[in-house]
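Asks: Encoded as structure tokens, here's the structure I'll be asking about.
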Amino acid sequence: MKNKGELLASVLKEYNDCCFFLHNTREQNVVEKIMNEGFIFENQLSHSTDRINPKEPIEITYFLFQRKEYGLYTVIIAIPRSVYERYSRLSNTHDTGIEEVMTIKDPWFGENDELMYMISPKHVLGYFHNRTQEFVLNEKWDPLYDNSSFRKPTKRLIKPDK
């Protein structure tokens with residue numbers, strides 16, 4: 001019998017040309033909002049997610065174990081490698097963070113005076129329910145979506161002194 005990490009890895013292997021980022025949350029309504037409106041994160045994507053490799057089920061198992069206190073729902077962001085590499089090249093070209101390229105709306109300062117960004121729901125593959133071990137595909141996920149066609153990246157904002 002497969003453990004949760006092995007089950008999720010077997011699902012993600014079907015989308016093996018993607019870069020994967022996982023984020024856990026407690027509430028189903030939050031998951032639905034992320035899948036419909038996009039994923040909001042603070043400062044850097046790596047502060048709110050963990051990048052995983054579906055070829056390493058033990059890595060996914062470890063993530064699910066380490067993050068279980070954050071909730072039963074594991075949101076899966078899947079950005080095709082070619083798109084992610086384009087985002088990375090654009091961030092280098094424009095001398096800005098990759099978050100500035102990925103965001104679908106202009107960054108804003110959040111409650112903690114940190115920059116906030118939003119990833120398109122078209123990059124949200126779906127979610128994995130850790131109790132039922134069910135994977136739910138997001139109907140809005142689009143493997144051909146590339147945000148760089150719609151929004152030109154800007155320089156990273158700096159919070160003005162108060």
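Labeling convention for the structure tokens: chains A, B, ... as they appear, residues from 1 per chain, ligands from 1 in order of appearance.
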Can you tell me, as a ChimeraX atom specification, what residues are no more than 10 Å from A:Tyr127 when counting only C-alpha atoms, ignoring any on the same chain fewer than 5 positions away?
Replies: /A:8,22-24,28,31-32,34-35,72-77,134-138
Asks: Could you write out that same residue set with C-alpha atoms as a CSV table (one decimal), in the first residue's frame?
Replies:
chain,number,residue,atom,x,y,z
A,8,LEU,CA,0.7,12.4,-4.6
A,22,LEU,CA,3.2,22.9,-2.3
A,23,HIS,CA,1.3,24.9,0.3
A,24,ASN,CA,-0.9,23.5,3.1
A,28,GLN,CA,-11.7,24.0,2.0
A,31,VAL,CA,-8.5,26.2,-1.3
A,32,GLU,CA,-11.5,27.1,-3.5
A,34,ILE,CA,-7.0,30.0,-4.4
A,35,MET,CA,-8.1,27.8,-7.3
A,72,LEU,CA,-5.3,18.9,5.5
A,73,TYR,CA,-5.3,20.5,2.1
A,74,THR,CA,-2.2,20.6,0.0
A,75,VAL,CA,-2.5,23.2,-2.7
A,76,ILE,CA,-0.3,22.3,-5.7
A,77,ILE,CA,1.1,25.0,-7.9
A,134,GLU,CA,-8.0,12.4,-3.1
A,135,PHE,CA,-6.5,14.7,-5.7
A,136,VAL,CA,-8.8,17.4,-7.2
A,137,LEU,CA,-7.8,19.0,-10.4
A,138,ASN,CA,-8.4,22.7,-10.8
Asks: Please provide as an MDAnalysis selection string all residues within 10 Å of A:Asp146, with the sequence filter that same-chain residues fewer than 5 positions apart are discarded (counting only C-alpha atoms).
Replies: chainID A and resid 79:80 82:84 86:87 101:102 120 122:123 151
Asks: Store the residues of this selection in a file with C-alpha atoms, as a short mmCIF file (atom, residue, chain, number, x, y, z; two decimals), in the first residue's frame.
Replies:
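Output (selection.cif):
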data_model
loop_
_atom_site.label_atom_id
_atom_site.label_comp_id
_atom_site.auth_asym_id
_atom_site.auth_seq_id
_atom_site.Cartn_x
_atom_site.Cartn_y
_atom_site.Cartn_z
CA ILE A 79 4.25 25.87 -13.62
CA PRO A 80 5.57 24.26 -16.80
CA SER A 82 9.58 26.25 -20.04
CA VAL A 83 7.34 28.96 -18.57
CA TYR A 84 9.22 28.99 -15.26
CA ARG A 86 11.06 32.20 -19.17
CA TYR A 87 9.99 33.89 -15.92
CA VAL A 101 7.31 38.41 -13.26
CA MET A 102 4.92 35.76 -11.92
CA SER A 120 -2.71 33.14 -11.45
CA LYS A 122 -4.07 29.06 -14.14
CA HIS A 123 -0.86 27.96 -12.36
CA ARG A 151 2.07 41.97 -17.62
#
Asks: Going by DSSP on the backbone, which residues of stretch 73-124 of chain A come out as alpha helix (DSSP H)? List them as a list in words.
Replies: Arg81, Ser82, Val83, Tyr84, Glu85, Arg86, Tyr87, Ser88, Arg89, Leu90, Ser91, Asn92, Thr93, Ile98, Glu99, Glu100, Val101 and Met102 of chain A
Asks: Just to be explicit: take each residue in the selection above, keep C-alpha atoms, and write the result as a PDB file, in the first residue's frame.
Replies:
ATOM      1  CA  ARG A  81       9.388  24.278 -16.787  1.00  0.00           C
ATOM      2  CA  SER A  82       9.583  26.246 -20.045  1.00  0.00           C
ATOM      3  CA  VAL A  83       7.339  28.963 -18.571  1.00  0.00           C
ATOM      4  CA  TYR A  84       9.222  28.991 -15.258  1.00  0.00           C
ATOM      5  CA  GLU A  85      12.525  29.304 -17.126  1.00  0.00           C
ATOM      6  CA  ARG A  86      11.061  32.200 -19.166  1.00  0.00           C
ATOM      7  CA  TYR A  87       9.986  33.891 -15.921  1.00  0.00           C
ATOM      8  CA  SER A  88      13.510  33.419 -14.568  1.00  0.00           C
ATOM      9  CA  ARG A  89      15.133  34.859 -17.716  1.00  0.00           C
ATOM     10  CA  LEU A  90      12.786  37.866 -17.620  1.00  0.00           C
ATOM     11  CA  SER A  91      13.567  38.502 -13.963  1.00  0.00           C
ATOM     12  CA  ASN A  92      17.275  38.536 -14.820  1.00  0.00           C
ATOM     13  CA  THR A  93      16.724  40.753 -17.865  1.00  0.00           C
ATOM     14  CA  ILE A  98      10.929  36.208 -10.272  1.00  0.00           C
ATOM     15  CA  GLU A  99       7.890  37.092  -8.140  1.00  0.00           C
ATOM     16  CA  GLU A 100       7.634  40.401 -10.034  1.00  0.00           C
ATOM     17  CA  VAL A 101       7.315  38.415 -13.261  1.00  0.00           C
ATOM     18  CA  MET A 102       4.919  35.763 -11.924  1.00  0.00           C
TER      19      MET A 102
END
Asks: Using DSSP on the backbone, list every residue of stretch 68-152 of chain A that comes out as strand (DSSP E), and give them as a PyMOL selection string.
Replies: chain A and resi 73-80+108-109+115-119+124-129+134-137
Asks: Given only C-alpha atoms as the basis, pick out the residue of A:Leu64, A:Met118, A:Ile104, A:Val30 nearest to A:Arg131.
Replies: A:Leu64
